[in-house]
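Enquirer: Before I ask anything, let me first share the structure, which is written out below as structure tokens.
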Amino acid sequence: MSVKQVAILGSTGSIGVNTLDVIRAHPERFKVVALTAAKQIDRLAEQCIEFRPNIAVVADADGAAKLNRLLQEKKIVTQVLYGPQALVSAVTESGCDTVMAAIVGAAGLVPALAAAQAGKRVLLANKEALVMSGNLFMQAMKVGGGELLPIDSEHNAIFQCLPDRFTKNPSVHLGVEELWLTASGGPFRDKSIGDLAGITPEQACAHPNWVMGRKISVDSATMMNKGLEVIEAFWLFGLPLEKIKVLIHPQSVVHSMVRYRDGSVLAQMGQPDMRTPIAYGLAWPERIDAGVAPLNLTQLTGLSFTEPNFTQFPCLSLAFAAAKAGGTAPSVLNAANEVAVAAFLDEGLAYLSIPNVVEHCLNALPPVAADSLETILEIDALARQAANQFIRSIQK
Ligand code: NAD
Ligand code: MG
């Protein structure tokens with residue numbers, strides 16, 4: 001068995017730390033060759049001391065100087081780089097064959113694309129990259145000739161429930177009728193929109209079932225996360241949008257399902273623990289111990305499934321509208337949402353203004369073809385500008 005050489009983009013985040021946890025248990029299978037983080041230098045230093053990567057990347061020169069100091073104290077010879085271009089070097093110059101793309105948001109797009117182009121096994125957690133550049137990204141995977149393994153739990157579940165031939169050639173549908181993405185409904189599942197006026201970041205980040213980074217936690221509360229995941233599924237699996245459905249399933253035991261023409265519905269179940277899809281992606285097509293507790297079905301009080309209420313979750317409607325509009329609309333949706341969520345977390349933007357920011361930007365920037373990285377990055381910048389202006393105007 002050859003040892004997989006793994007680069008982790010976003011190693012200090014929730015997915016990054018869980019990835020290292022799986023890798024730690026299988027030193028005979030995986031070697032870490034690159035780690036990257038934006039600002040958490042102490043945590044990154046600890047990871048470098050434990051895993052000894054060839055390359056470590058941070059956001060800026062100050063961070064790099066601090067990391068170098070911490071590593072020199074321990075005589076660690078990791079090469080320290082900084083800045084957005086260095087994230088690409090972590091993919092292309094570390095000697096990796098496998099890349100965990102776990103940076104949050106649009107910042108992860110360029111290195112994820114680089115991994116696709118370079119023919120790596122791409123473990124894709126960074127859903128925003130695919131939402132922004134689905135067509136380009138899937139093309140780059142094809143040309144690069146690598147393997148794409150979805151890490152988002154829903155998409156990983158669907159990947160597991162599809163026939164092998166389907167995943168190798170998504171245009172052959174082999175009796176697949178529908179994909180059902182499950183959603184917990186987040187912390188405000190049972191609240192009406194009128195109850196949400198004074199919601200604080202702490203309340204929005206307190207997810208009932210999953211422990212995750214702050215941005216995706218807010219996205220789960222607004223259900224923008226599920227909207228992004230519908231777009232993600234559209235690109236990953238190549239089914240028409242009408243065949244991708246969302247079901248509220250508060251227990252988070254069924255991670256998603258595939259309905260077939262013959263009446264079969266295949267579901268993947270498990271604990272709500274990201275180490276399961278991470279281990280699956282790392283070892284595929286083999287299965288390894290993920291450190292996850294076994295699922296005990298007899299201890300469950302019941303499993304329920306309901307249709308989502310689009311009035312209660314306007315972000316979900318906006319995401320479906322952007323998906324239907326196509327072109328650069330999903331990029332605008334994503335950028336506006338990133339700005340709005342950051343403003344909610346750090347600048348006192350009202351929780352209920354998040355969808356207003358997104359809607360404003362979608363109206364202000366009608367979609368054009370998303371046919372080049374330059375166009376996508378330009379639209380991303382314009383949408384951020386429009387979102388910031390709108391937020392300033394409503395906060396006056
Ligand atoms: P997180 O906030 O915990 O971690 C984000 C990581 O990205 C950190 O290492 C951070 O240093 C790095 N980062 C942030 N901004 C950066 C920038 N500008 N440049 C370089 N690096 C930067 O986020 P997370 O919860 O681990 O989520 C990561 C991705 O995985 C997201 O796209 C999220 O939607 C997806 N995802 C997460 C989960 C989960 O359970 N956490 C589940 C499914 C999908
Ligand atoms: Mg998910």
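Starting from 1 in every chain, residues are counted up; chains themselves are A, B, ... following the order of the structure tokens, and ligands are numbered from 1 as listed.
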Give me, as a list in words, the residues of range 39-198 of chain A that a backbone DSSP run labels strand (DSSP E or B).
Expert: Ile55, Ala56, Val57, Val58, Gln79, Val80, Leu81, Tyr82, Thr98, Val99, Met100, Ala101, Arg121, Val122, Leu123, Leu124, Leu148, Leu149, Pro150, Val176, Glu177, Glu178, Leu179, Trp180, Leu181, Thr182 and Ala183 of chain A
Enquirer: Please report as JSON lines every residue of chain A lying within 7 Å of ligand 2, along with the nearest atom pair and their distance in Å (one decimal), using only C-alpha atoms and all ligand atoms.
Expert:
```
{"residue": "A:Asp152", "atom": "CA", "partner": "ligand 2", "partner_atom_place_in_ligand_line": "1 (Mg)", "distance": 4.6}
{"residue": "A:Ser153", "atom": "CA", "partner": "ligand 2", "partner_atom_place_in_ligand_line": "1 (Mg)", "distance": 4.9}
{"residue": "A:Glu154", "atom": "CA", "partner": "ligand 2", "partner_atom_place_in_ligand_line": "1 (Mg)", "distance": 5.3}
{"residue": "A:Glu229", "atom": "CA", "partner": "ligand 2", "partner_atom_place_in_ligand_line": "1 (Mg)", "distance": 6.7}
```
Enquirer: Keeping only all heavy atoms, take the residues you just selected and write them out as a CSV table (one decimal), in the first residue's frame.
Expert:
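Saved result, selection33.csv, follows:
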```csv
chain,number,residue,atom,x,y,z
A,152,ASP,N,-18.7,17.2,2.1
A,152,ASP,CA,-19.9,17.7,2.7
A,152,ASP,C,-20.8,16.5,3.0
A,152,ASP,O,-20.9,15.6,2.1
A,152,ASP,CB,-20.6,18.6,1.7
A,152,ASP,CG,-21.4,19.7,2.4
A,152,ASP,OD1,-21.6,19.7,3.6
A,152,ASP,OD2,-21.8,20.7,1.7
A,153,SER,N,-21.3,16.3,4.2
A,153,SER,CA,-21.9,15.0,4.6
A,153,SER,C,-23.0,14.6,3.6
A,153,SER,O,-23.1,13.4,3.3
A,153,SER,CB,-22.4,15.1,6.0
A,153,SER,OG,-23.3,16.1,6.1
A,154,GLU,N,-23.8,15.5,3.2
A,154,GLU,CA,-24.9,15.2,2.3
A,154,GLU,C,-24.4,14.6,1.0
A,154,GLU,O,-24.9,13.6,0.5
A,154,GLU,CB,-25.8,16.4,2.0
A,154,GLU,CG,-26.5,17.0,3.2
A,154,GLU,CD,-25.5,17.8,4.1
A,154,GLU,OE1,-24.3,18.0,3.7
A,154,GLU,OE2,-26.0,18.3,5.2
A,229,GLU,N,-25.7,23.9,-0.9
A,229,GLU,CA,-25.6,22.5,-1.1
A,229,GLU,C,-26.4,22.0,-2.3
A,229,GLU,O,-26.0,21.0,-3.0
A,229,GLU,CB,-25.9,21.7,0.1
A,229,GLU,CG,-24.9,21.9,1.2
A,229,GLU,CD,-25.1,21.1,2.5
A,229,GLU,OE1,-26.2,20.4,2.6
A,229,GLU,OE2,-24.3,21.2,3.4
```
Enquirer: Set the cut-off to 9 Å, count only C-alpha atoms and all ligand atoms, and list whatever residues fall near ligand 1 as a CSV table (one decimal) with N, CA, C and O atoms, in the first residue's frame.
Expert:
```csv
chain,number,residue,atom,x,y,z
A,8,ILE,N,-3.5,19.8,3.4
A,8,ILE,CA,-4.7,20.2,4.0
A,8,ILE,C,-4.8,21.7,3.9
A,8,ILE,O,-4.0,22.5,4.6
A,9,LEU,N,-5.7,22.2,3.1
A,9,LEU,CA,-5.9,23.7,3.0
A,9,LEU,C,-7.0,24.0,4.0
A,9,LEU,O,-8.1,23.6,4.0
A,10,GLY,N,-6.6,24.9,5.0
A,10,GLY,CA,-7.5,25.2,6.1
A,10,GLY,C,-7.4,24.2,7.2
A,10,GLY,O,-8.4,23.7,7.8
A,11,SER,N,-6.1,23.9,7.6
A,11,SER,CA,-5.9,22.8,8.6
A,11,SER,C,-6.3,23.2,10.0
A,11,SER,O,-6.5,22.3,10.8
A,12,THR,N,-6.4,24.5,10.3
A,12,THR,CA,-6.8,24.9,11.7
A,12,THR,C,-8.3,25.0,11.9
A,12,THR,O,-8.7,25.2,13.0
A,13,GLY,N,-9.1,24.8,10.8
A,13,GLY,CA,-10.5,24.9,11.0
A,13,GLY,C,-11.1,23.6,11.5
A,13,GLY,O,-10.4,22.6,11.7
A,14,SER,N,-12.4,23.6,11.5
A,14,SER,CA,-13.2,22.4,12.0
A,14,SER,C,-12.9,21.2,11.2
A,14,SER,O,-12.6,20.1,11.7
A,15,ILE,N,-13.0,21.3,9.8
A,15,ILE,CA,-12.8,20.2,9.0
A,15,ILE,C,-11.3,19.8,9.0
A,15,ILE,O,-10.9,18.6,9.0
A,16,GLY,N,-10.4,20.8,9.0
A,16,GLY,CA,-9.0,20.6,9.0
A,16,GLY,C,-8.6,19.7,10.2
A,16,GLY,O,-7.8,18.7,10.1
A,17,VAL,N,-9.0,20.1,11.4
A,17,VAL,CA,-8.7,19.4,12.6
A,17,VAL,C,-9.2,18.0,12.6
A,17,VAL,O,-8.6,17.1,13.0
A,18,ASN,N,-10.5,17.8,12.1
A,18,ASN,CA,-11.0,16.5,12.0
A,18,ASN,C,-10.2,15.6,11.0
A,18,ASN,O,-10.1,14.4,11.2
A,35,LEU,N,0.3,22.1,5.2
A,35,LEU,CA,-0.8,22.6,6.1
A,35,LEU,C,-0.9,24.1,5.8
A,35,LEU,O,0.1,24.8,5.6
A,36,THR,N,-2.2,24.6,5.8
A,36,THR,CA,-2.3,26.0,5.7
A,36,THR,C,-3.4,26.6,6.6
A,36,THR,O,-4.3,25.8,7.0
A,37,ALA,N,-3.2,27.8,7.0
A,37,ALA,CA,-4.1,28.5,7.9
A,37,ALA,C,-4.1,30.0,7.6
A,37,ALA,O,-3.1,30.5,7.1
A,38,ALA,N,-5.1,30.7,8.0
A,38,ALA,CA,-5.1,32.2,7.8
A,38,ALA,C,-4.3,32.8,9.0
A,38,ALA,O,-3.3,33.4,8.8
A,39,LYS,N,-4.9,32.7,10.2
A,39,LYS,CA,-4.4,33.5,11.3
A,39,LYS,C,-4.0,32.7,12.6
A,39,LYS,O,-3.4,33.3,13.4
A,40,GLN,N,-4.5,31.5,12.7
A,40,GLN,CA,-4.3,30.8,13.9
A,40,GLN,C,-2.9,30.2,13.9
A,40,GLN,O,-2.7,28.9,13.8
A,41,ILE,N,-1.9,31.0,14.2
A,41,ILE,CA,-0.5,30.6,14.0
A,41,ILE,C,-0.1,29.6,15.1
A,41,ILE,O,0.6,28.6,14.8
A,44,LEU,N,-1.4,26.2,14.2
A,44,LEU,CA,-0.7,25.7,13.0
A,44,LEU,C,0.7,25.2,13.4
A,44,LEU,O,1.2,24.2,12.9
A,57,VAL,N,1.6,27.3,5.1
A,57,VAL,CA,1.2,28.6,4.6
A,57,VAL,C,0.3,29.3,5.5
A,57,VAL,O,-0.6,28.7,6.1
A,58,VAL,N,0.6,30.6,5.7
A,58,VAL,CA,-0.2,31.5,6.5
A,58,VAL,C,-0.6,32.7,5.6
A,58,VAL,O,-0.1,32.9,4.5
A,59,ALA,N,-1.5,33.6,6.2
A,59,ALA,CA,-2.0,34.7,5.4
A,59,ALA,C,-1.0,35.8,5.1
A,59,ALA,O,-1.0,36.3,4.0
A,83,GLY,N,0.5,34.3,1.9
A,83,GLY,CA,-0.2,34.9,0.9
A,83,GLY,C,-1.0,34.0,0.0
A,83,GLY,O,-0.8,32.8,0.0
A,84,PRO,N,-2.0,34.5,-0.7
A,84,PRO,CA,-2.9,33.7,-1.5
A,84,PRO,C,-2.1,32.8,-2.6
A,84,PRO,O,-2.5,31.6,-2.7
A,87,LEU,N,-0.9,29.5,-1.3
A,87,LEU,CA,-1.9,28.4,-1.1
A,87,LEU,C,-1.8,27.4,-2.3
A,87,LEU,O,-2.0,26.2,-2.2
A,101,ALA,N,-9.6,20.2,0.6
A,101,ALA,CA,-10.0,21.7,0.3
A,101,ALA,C,-10.9,22.1,1.4
A,101,ALA,O,-12.1,21.9,1.3
A,102,ALA,N,-10.4,22.7,2.5
A,102,ALA,CA,-11.3,23.0,3.6
A,102,ALA,C,-11.1,24.4,4.1
A,102,ALA,O,-11.2,24.7,5.3
A,103,ILE,N,-10.7,25.3,3.2
A,103,ILE,CA,-10.8,26.7,3.5
A,103,ILE,C,-12.2,27.2,3.4
A,103,ILE,O,-13.0,26.6,2.6
A,104,VAL,N,-12.6,28.1,4.2
A,104,VAL,CA,-14.0,28.5,4.2
A,104,VAL,C,-14.1,29.7,3.2
A,104,VAL,O,-13.3,30.6,3.1
A,105,GLY,N,-15.2,29.6,2.3
A,105,GLY,CA,-15.5,30.7,1.4
A,105,GLY,C,-14.7,30.8,0.2
A,105,GLY,O,-13.9,29.9,-0.2
A,106,ALA,N,-14.9,32.0,-0.5
A,106,ALA,CA,-14.3,32.2,-1.8
A,106,ALA,C,-12.8,32.1,-1.8
A,106,ALA,O,-12.1,31.8,-2.8
A,107,ALA,N,-12.2,32.4,-0.7
A,107,ALA,CA,-10.7,32.3,-0.5
A,107,ALA,C,-10.1,31.0,-0.9
A,107,ALA,O,-9.0,30.9,-1.3
A,108,GLY,N,-11.0,29.9,-0.9
A,108,GLY,CA,-10.5,28.6,-1.2
A,108,GLY,C,-10.6,28.2,-2.7
A,108,GLY,O,-10.1,27.2,-3.1
A,124,LEU,N,-13.4,17.6,-1.4
A,124,LEU,CA,-13.9,18.9,-1.4
A,124,LEU,C,-14.9,19.2,-0.3
A,124,LEU,O,-16.0,18.7,-0.2
A,125,ALA,N,-14.4,20.0,0.7
A,125,ALA,CA,-15.3,20.5,1.8
A,125,ALA,C,-15.8,21.9,1.4
A,125,ALA,O,-16.9,22.3,1.7
A,126,ASN,N,-14.9,22.6,0.8
A,126,ASN,CA,-15.1,24.1,0.5
A,126,ASN,C,-16.2,24.2,-0.6
A,126,ASN,O,-15.9,24.4,-1.8
A,127,LYS,N,-17.5,24.1,-0.2
A,127,LYS,CA,-18.6,24.1,-1.1
A,127,LYS,C,-18.7,25.4,-1.9
A,127,LYS,O,-19.1,25.5,-3.0
A,128,GLU,N,-18.2,26.5,-1.3
A,128,GLU,CA,-18.3,27.8,-1.9
A,128,GLU,C,-17.6,27.8,-3.2
A,128,GLU,O,-18.0,28.5,-4.2
A,129,ALA,N,-16.4,27.1,-3.3
A,129,ALA,CA,-15.6,27.1,-4.5
A,129,ALA,C,-16.5,26.5,-5.7
A,129,ALA,O,-16.4,27.0,-6.8
A,151,ILE,N,-16.9,15.9,0.5
A,151,ILE,CA,-16.8,15.7,1.9
A,151,ILE,C,-18.0,16.2,2.6
A,151,ILE,O,-18.3,15.7,3.7
A,152,ASP,N,-18.7,17.2,2.1
A,152,ASP,CA,-19.9,17.7,2.7
A,152,ASP,C,-20.8,16.5,3.0
A,152,ASP,O,-20.9,15.6,2.1
A,153,SER,N,-21.3,16.3,4.2
A,153,SER,CA,-21.9,15.0,4.6
A,153,SER,C,-23.0,14.6,3.6
A,153,SER,O,-23.1,13.4,3.3
A,154,GLU,N,-23.8,15.5,3.2
A,154,GLU,CA,-24.9,15.2,2.3
A,154,GLU,C,-24.4,14.6,1.0
A,154,GLU,O,-24.9,13.6,0.5
A,210,TRP,N,-24.4,19.6,14.9
A,210,TRP,CA,-23.1,19.5,14.4
A,210,TRP,C,-22.2,20.6,15.0
A,210,TRP,O,-22.8,21.7,15.3
A,211,VAL,N,-20.9,20.4,15.2
A,211,VAL,CA,-20.0,21.4,15.7
A,211,VAL,C,-19.2,21.8,14.5
A,211,VAL,O,-18.5,21.0,13.9
A,212,MET,N,-19.3,23.1,14.1
A,212,MET,CA,-18.7,23.6,12.8
A,212,MET,C,-18.1,25.0,13.0
A,212,MET,O,-18.3,25.6,14.0
A,213,GLY,N,-17.4,25.4,11.9
A,213,GLY,CA,-17.0,26.8,11.9
A,213,GLY,C,-18.1,27.8,12.0
A,213,GLY,O,-19.3,27.4,11.7
A,214,ARG,N,-17.8,29.1,12.3
A,214,ARG,CA,-18.9,30.1,12.5
A,214,ARG,C,-19.7,30.4,11.3
A,214,ARG,O,-20.9,30.6,11.3
A,215,LYS,N,-19.0,30.5,10.1
A,215,LYS,CA,-19.7,30.9,8.9
A,215,LYS,C,-20.7,29.8,8.5
A,215,LYS,O,-21.9,30.2,8.3
A,216,ILE,N,-20.3,28.6,8.5
A,216,ILE,CA,-21.3,27.5,8.1
A,216,ILE,C,-22.4,27.3,9.1
A,216,ILE,O,-23.5,27.0,8.8
A,217,SER,N,-22.1,27.7,10.4
A,217,SER,CA,-23.1,27.6,11.4
A,217,SER,C,-24.2,28.6,11.2
A,217,SER,O,-25.4,28.3,11.3
A,219,ASP,N,-24.8,29.9,8.2
A,219,ASP,CA,-25.5,29.4,7.0
A,219,ASP,C,-26.5,28.3,7.3
A,219,ASP,O,-27.5,28.2,6.6
A,225,ASN,N,-27.0,27.5,3.8
A,225,ASN,CA,-26.1,26.3,3.7
A,225,ASN,C,-26.8,25.2,2.8
A,225,ASN,O,-26.1,24.7,1.9
A,228,LEU,N,-26.7,26.5,-0.8
A,228,LEU,CA,-25.4,26.3,-1.4
A,228,LEU,C,-25.2,24.8,-1.8
A,228,LEU,O,-24.7,24.4,-2.8
A,272,PRO,N,-23.7,12.2,13.4
A,272,PRO,CA,-23.3,13.5,12.8
A,272,PRO,C,-21.9,13.9,13.2
A,272,PRO,O,-21.7,14.6,14.1
A,273,ASP,N,-20.9,13.2,12.5
A,273,ASP,CA,-19.5,13.4,12.8
A,273,ASP,C,-18.8,13.4,11.5
A,273,ASP,O,-18.8,12.5,10.7
A,274,MET,N,-18.2,14.6,11.2
A,274,MET,CA,-17.5,14.8,9.9
A,274,MET,C,-16.4,13.8,9.6
A,274,MET,O,-15.9,13.7,8.5
```
Enquirer: Mind checking which residues fall within 7 Å of Lys243 in chain A, counting only C-alpha atoms, ignoring those fewer than 5 positions away in the same chain, and posting them as a list in words?
Expert: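 Near neighbours after the sequence-gap exclusion: Glu177, Glu178 and Leu179 of chain A.
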Enquirer: Under the rule that only C-alpha atoms are counted, which of A:Leu136, A:Ala329, A:Leu316, A:Cys96 is the nearest residue to Gly119 in chain A?
Expert: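 Residue with the minimum atom-to-atom distance to Gly119 in chain A: A:Cys96.
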Enquirer: Let's see if you can do this: from backbone DSSP, list all alpha helix (DSSP H) residues in range 24-210 of chain A, as a ChimeraX atom specification.
Expert: /A:24,41-51,61-73,84-92,109-117,127-144,153-161,164-168,201-205
Enquirer: Kindly give the distance, in Å, that separates CA of Ile199 in chain A and CA of Phe344 in chain A, rounded to a single decimal.
Expert: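 Rounded to one decimal, the two atoms are 9.8 Å apart.
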Enquirer: One decimal, in Å: what's the spacing between CA of Asn334 in chain A and CA of Thr375 in chain A?
Expert: 14.7 Å
Enquirer: So, with only C-alpha atoms as the atoms that count, which of A:Val258, A:Ala383, A:Ala45, A:Ser89 lies closest to Glu73 in chain A?
Expert: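 When distances to Glu73 in chain A are compared using only C-alpha atoms, the smallest one comes from A:Ala45.
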Enquirer: Which one of A:Asp164, A:Glu28, A:Asp42, A:Glu232 sits closest to Asn135 in chain A if you count only C-alpha atoms?
Expert: A:Glu232
Enquirer: Could you work out how far CA of Leu20 in chain A lies from CA of Ala34 in chain A, giving the answer in Å with one decimal?
Expert: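 The value is 11.6 Å.
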Enquirer: Applying 9 Å and only C-alpha atoms, which residues near Leu181 in chain A remain after dropping the ones on its own chain fewer than 6 positions away? List them as a list in words.
Expert: Glu154, His155, Ile158, Lys226, Glu229, Val230, Ala233, Ile244, Lys245, Val246, Leu247, Ile248, His255, Ser256, Met257 and Val258 of chain A
Enquirer: Residues within 8 Å of Ala323 in chain A, please, as a short mmCIF file (atom, residue, chain, number, x, y, z; two decimals) with N, CA, C and O atoms, in the first residue's frame. Count only C-alpha atoms; anything in the same chain fewer than 6 positions from it doesn't count.
Expert:
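Output (result02.cif):
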```
data_model
loop_
_atom_site.label_atom_id
_atom_site.label_comp_id
_atom_site.auth_asym_id
_atom_site.auth_seq_id
_atom_site.Cartn_x
_atom_site.Cartn_y
_atom_site.Cartn_z
N ILE A 231 -26.85 23.71 -5.02
CA ILE A 231 -26.02 24.10 -6.17
C ILE A 231 -24.80 23.17 -6.26
O ILE A 231 -24.41 22.72 -7.34
N LEU A 241 -31.86 20.52 -11.91
CA LEU A 241 -32.20 21.13 -10.62
C LEU A 241 -33.52 20.60 -10.03
O LEU A 241 -33.65 20.41 -8.82
N ALA A 329 -24.92 34.12 -11.21
CA ALA A 329 -25.84 34.36 -10.08
C ALA A 329 -25.40 33.63 -8.80
O ALA A 329 -25.39 34.23 -7.72
N PRO A 330 -24.99 32.35 -8.89
CA PRO A 330 -24.53 31.70 -7.65
C PRO A 330 -23.29 32.35 -7.03
O PRO A 330 -23.15 32.37 -5.81
#
```
Enquirer: Would you mind listing, for every residue of range 210-284 of chain A within 12 Å of range 352-360 of chain A, the two atoms forming the shortest contact and the distance between them in Å to one decimal, using only C-alpha atoms, sorted by chain and ascending residue number, as CSV?
Expert:
```
residue,atom,partner,partner_atom,distance
A:Val218,CA,A:Ile354,CA,10.0
A:Asp219,CA,A:Ile354,CA,9.9
A:Ala221,CA,A:Leu352,CA,11.1
A:Thr222,CA,A:Ile354,CA,8.4
A:Met223,CA,A:Pro355,CA,10.5
A:Met224,CA,A:Pro355,CA,8.9
```
Enquirer: Looking at only C-alpha atoms, which of A:Leu282, A:Ala197, A:Val265, A:Ala206 is the one that sits closest to Met100 in chain A?
Expert: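 Closest candidate: A:Leu282.
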Enquirer: In terms of the shortest atom-to-atom distance over only C-alpha atoms, which of A:Val254, A:Tyr260, A:Lys66, A:Ala283 is closest to Leu300 in chain A?
Expert: A:Val254
Enquirer: Would you pick out the contacts of Val122 in chain A at 9 Å or less, using only C-alpha atoms, so that residues sharing its chain but fewer than 2 positions from it are not included, and give the list as a CSV table (one decimal) with all heavy atoms, in the first residue's frame?
Expert:
```
chain,number,residue,atom,x,y,z
A,97,ASP,N,-0.4,14.1,-3.3
A,97,ASP,CA,-1.3,13.5,-4.3
A,97,ASP,C,-2.8,13.7,-3.9
A,97,ASP,O,-3.7,13.4,-4.7
A,97,ASP,CB,-1.0,12.0,-4.5
A,97,ASP,CG,-0.9,11.3,-3.2
A,97,ASP,OD1,-1.8,11.4,-2.3
A,97,ASP,OD2,0.1,10.5,-3.0
A,98,THR,N,-3.0,14.1,-2.7
A,98,THR,CA,-4.4,14.3,-2.2
A,98,THR,C,-4.5,15.7,-1.5
A,98,THR,O,-3.6,16.1,-0.8
A,98,THR,CB,-4.7,13.2,-1.1
A,98,THR,OG1,-4.5,11.9,-1.7
A,98,THR,CG2,-6.1,13.3,-0.5
A,99,VAL,N,-5.6,16.4,-1.8
A,99,VAL,CA,-5.8,17.7,-1.3
A,99,VAL,C,-7.1,17.8,-0.5
A,99,VAL,O,-8.2,17.6,-1.2
A,99,VAL,CB,-5.7,18.8,-2.4
A,99,VAL,CG1,-6.0,20.2,-1.8
A,99,VAL,CG2,-4.4,18.8,-3.1
A,100,MET,N,-7.1,18.1,0.7
A,100,MET,CA,-8.3,18.4,1.5
A,100,MET,C,-8.6,19.9,1.3
A,100,MET,O,-7.8,20.7,1.8
A,100,MET,CB,-8.2,18.0,2.9
A,100,MET,CG,-9.3,18.6,3.8
A,100,MET,SD,-10.9,18.1,3.4
A,100,MET,CE,-11.0,16.5,4.1
A,101,ALA,N,-9.6,20.2,0.6
A,101,ALA,CA,-10.0,21.7,0.3
A,101,ALA,C,-10.9,22.1,1.4
A,101,ALA,O,-12.1,21.9,1.3
A,101,ALA,CB,-10.5,21.8,-1.1
A,112,ALA,N,-8.2,25.4,-4.7
A,112,ALA,CA,-9.0,24.1,-5.1
A,112,ALA,C,-9.0,23.9,-6.6
A,112,ALA,O,-8.8,22.7,-7.0
A,112,ALA,CB,-10.4,24.3,-4.6
A,115,ALA,N,-5.7,22.4,-7.5
A,115,ALA,CA,-5.7,20.9,-7.2
A,115,ALA,C,-6.4,20.1,-8.3
A,115,ALA,O,-6.0,19.0,-8.7
A,115,ALA,CB,-6.3,20.7,-5.8
A,116,ALA,N,-7.6,20.7,-8.7
A,116,ALA,CA,-8.3,20.0,-9.8
A,116,ALA,C,-7.5,19.9,-11.1
A,116,ALA,O,-7.3,18.8,-11.7
A,116,ALA,CB,-9.6,20.7,-10.1
A,119,GLY,N,-4.7,17.3,-11.2
A,119,GLY,CA,-5.0,15.9,-11.2
A,119,GLY,C,-4.9,15.2,-9.9
A,119,GLY,O,-4.7,14.0,-9.8
A,120,LYS,N,-5.0,16.0,-8.8
A,120,LYS,CA,-5.0,15.4,-7.5
A,120,LYS,C,-6.3,14.7,-7.1
A,120,LYS,O,-7.3,15.0,-7.7
A,120,LYS,CB,-4.7,16.5,-6.4
A,120,LYS,CG,-3.6,17.5,-6.7
A,120,LYS,CD,-2.2,16.8,-6.6
A,120,LYS,CE,-1.1,17.8,-6.9
A,120,LYS,NZ,0.2,17.2,-7.0
A,124,LEU,N,-13.4,17.6,-1.4
A,124,LEU,CA,-13.9,18.9,-1.4
A,124,LEU,C,-14.9,19.2,-0.3
A,124,LEU,O,-16.0,18.7,-0.2
A,124,LEU,CB,-14.7,19.1,-2.8
A,124,LEU,CG,-15.1,20.6,-3.0
A,124,LEU,CD1,-13.9,21.5,-3.2
A,124,LEU,CD2,-16.1,20.7,-4.1
A,141,MET,N,-11.4,19.3,-13.2
A,141,MET,CA,-11.3,17.9,-12.7
A,141,MET,C,-11.1,16.9,-13.9
A,141,MET,O,-10.3,16.0,-13.8
A,141,MET,CB,-12.5,17.5,-11.9
A,141,MET,CG,-12.6,18.0,-10.5
A,141,MET,SD,-11.2,17.7,-9.3
A,141,MET,CE,-10.8,16.0,-9.4
A,146,GLY,N,-7.9,13.8,-12.1
A,146,GLY,CA,-7.9,13.3,-10.7
A,146,GLY,C,-9.3,12.8,-10.2
A,146,GLY,O,-10.2,12.7,-11.0
A,147,GLU,N,-9.4,12.5,-8.9
A,147,GLU,CA,-10.6,12.0,-8.4
A,147,GLU,C,-11.2,13.0,-7.5
A,147,GLU,O,-10.6,13.6,-6.7
A,147,GLU,CB,-10.3,10.8,-7.5
A,147,GLU,CG,-9.9,9.6,-8.3
A,147,GLU,CD,-9.0,8.6,-7.5
A,147,GLU,OE1,-8.5,9.0,-6.4
A,147,GLU,OE2,-8.9,7.5,-7.9
A,148,LEU,N,-12.6,13.2,-7.6
A,148,LEU,CA,-13.3,14.2,-6.8
A,148,LEU,C,-14.1,13.5,-5.8
A,148,LEU,O,-15.0,12.7,-6.2
A,148,LEU,CB,-14.1,15.1,-7.7
A,148,LEU,CG,-14.9,16.2,-7.0
A,148,LEU,CD1,-14.1,17.1,-6.1
A,148,LEU,CD2,-15.7,17.0,-8.0
A,149,LEU,N,-13.8,13.7,-4.5
A,149,LEU,CA,-14.6,13.0,-3.4
A,149,LEU,C,-15.3,14.1,-2.6
A,149,LEU,O,-14.6,14.9,-2.0
A,149,LEU,CB,-13.7,12.2,-2.5
A,149,LEU,CG,-13.2,10.8,-2.9
A,149,LEU,CD1,-14.4,9.8,-3.1
A,149,LEU,CD2,-12.4,10.8,-4.1
A,150,PRO,N,-16.6,14.1,-2.6
A,150,PRO,CA,-17.3,15.2,-1.8
A,150,PRO,C,-17.2,14.9,-0.3
A,150,PRO,O,-17.4,13.7,0.1
A,150,PRO,CB,-18.7,15.1,-2.3
A,150,PRO,CG,-18.9,13.9,-3.1
A,150,PRO,CD,-17.6,13.3,-3.3
A,281,GLY,N,-13.4,9.8,2.2
A,281,GLY,CA,-12.7,10.4,1.1
A,281,GLY,C,-11.2,10.1,1.1
A,281,GLY,O,-10.6,9.9,0.0
```
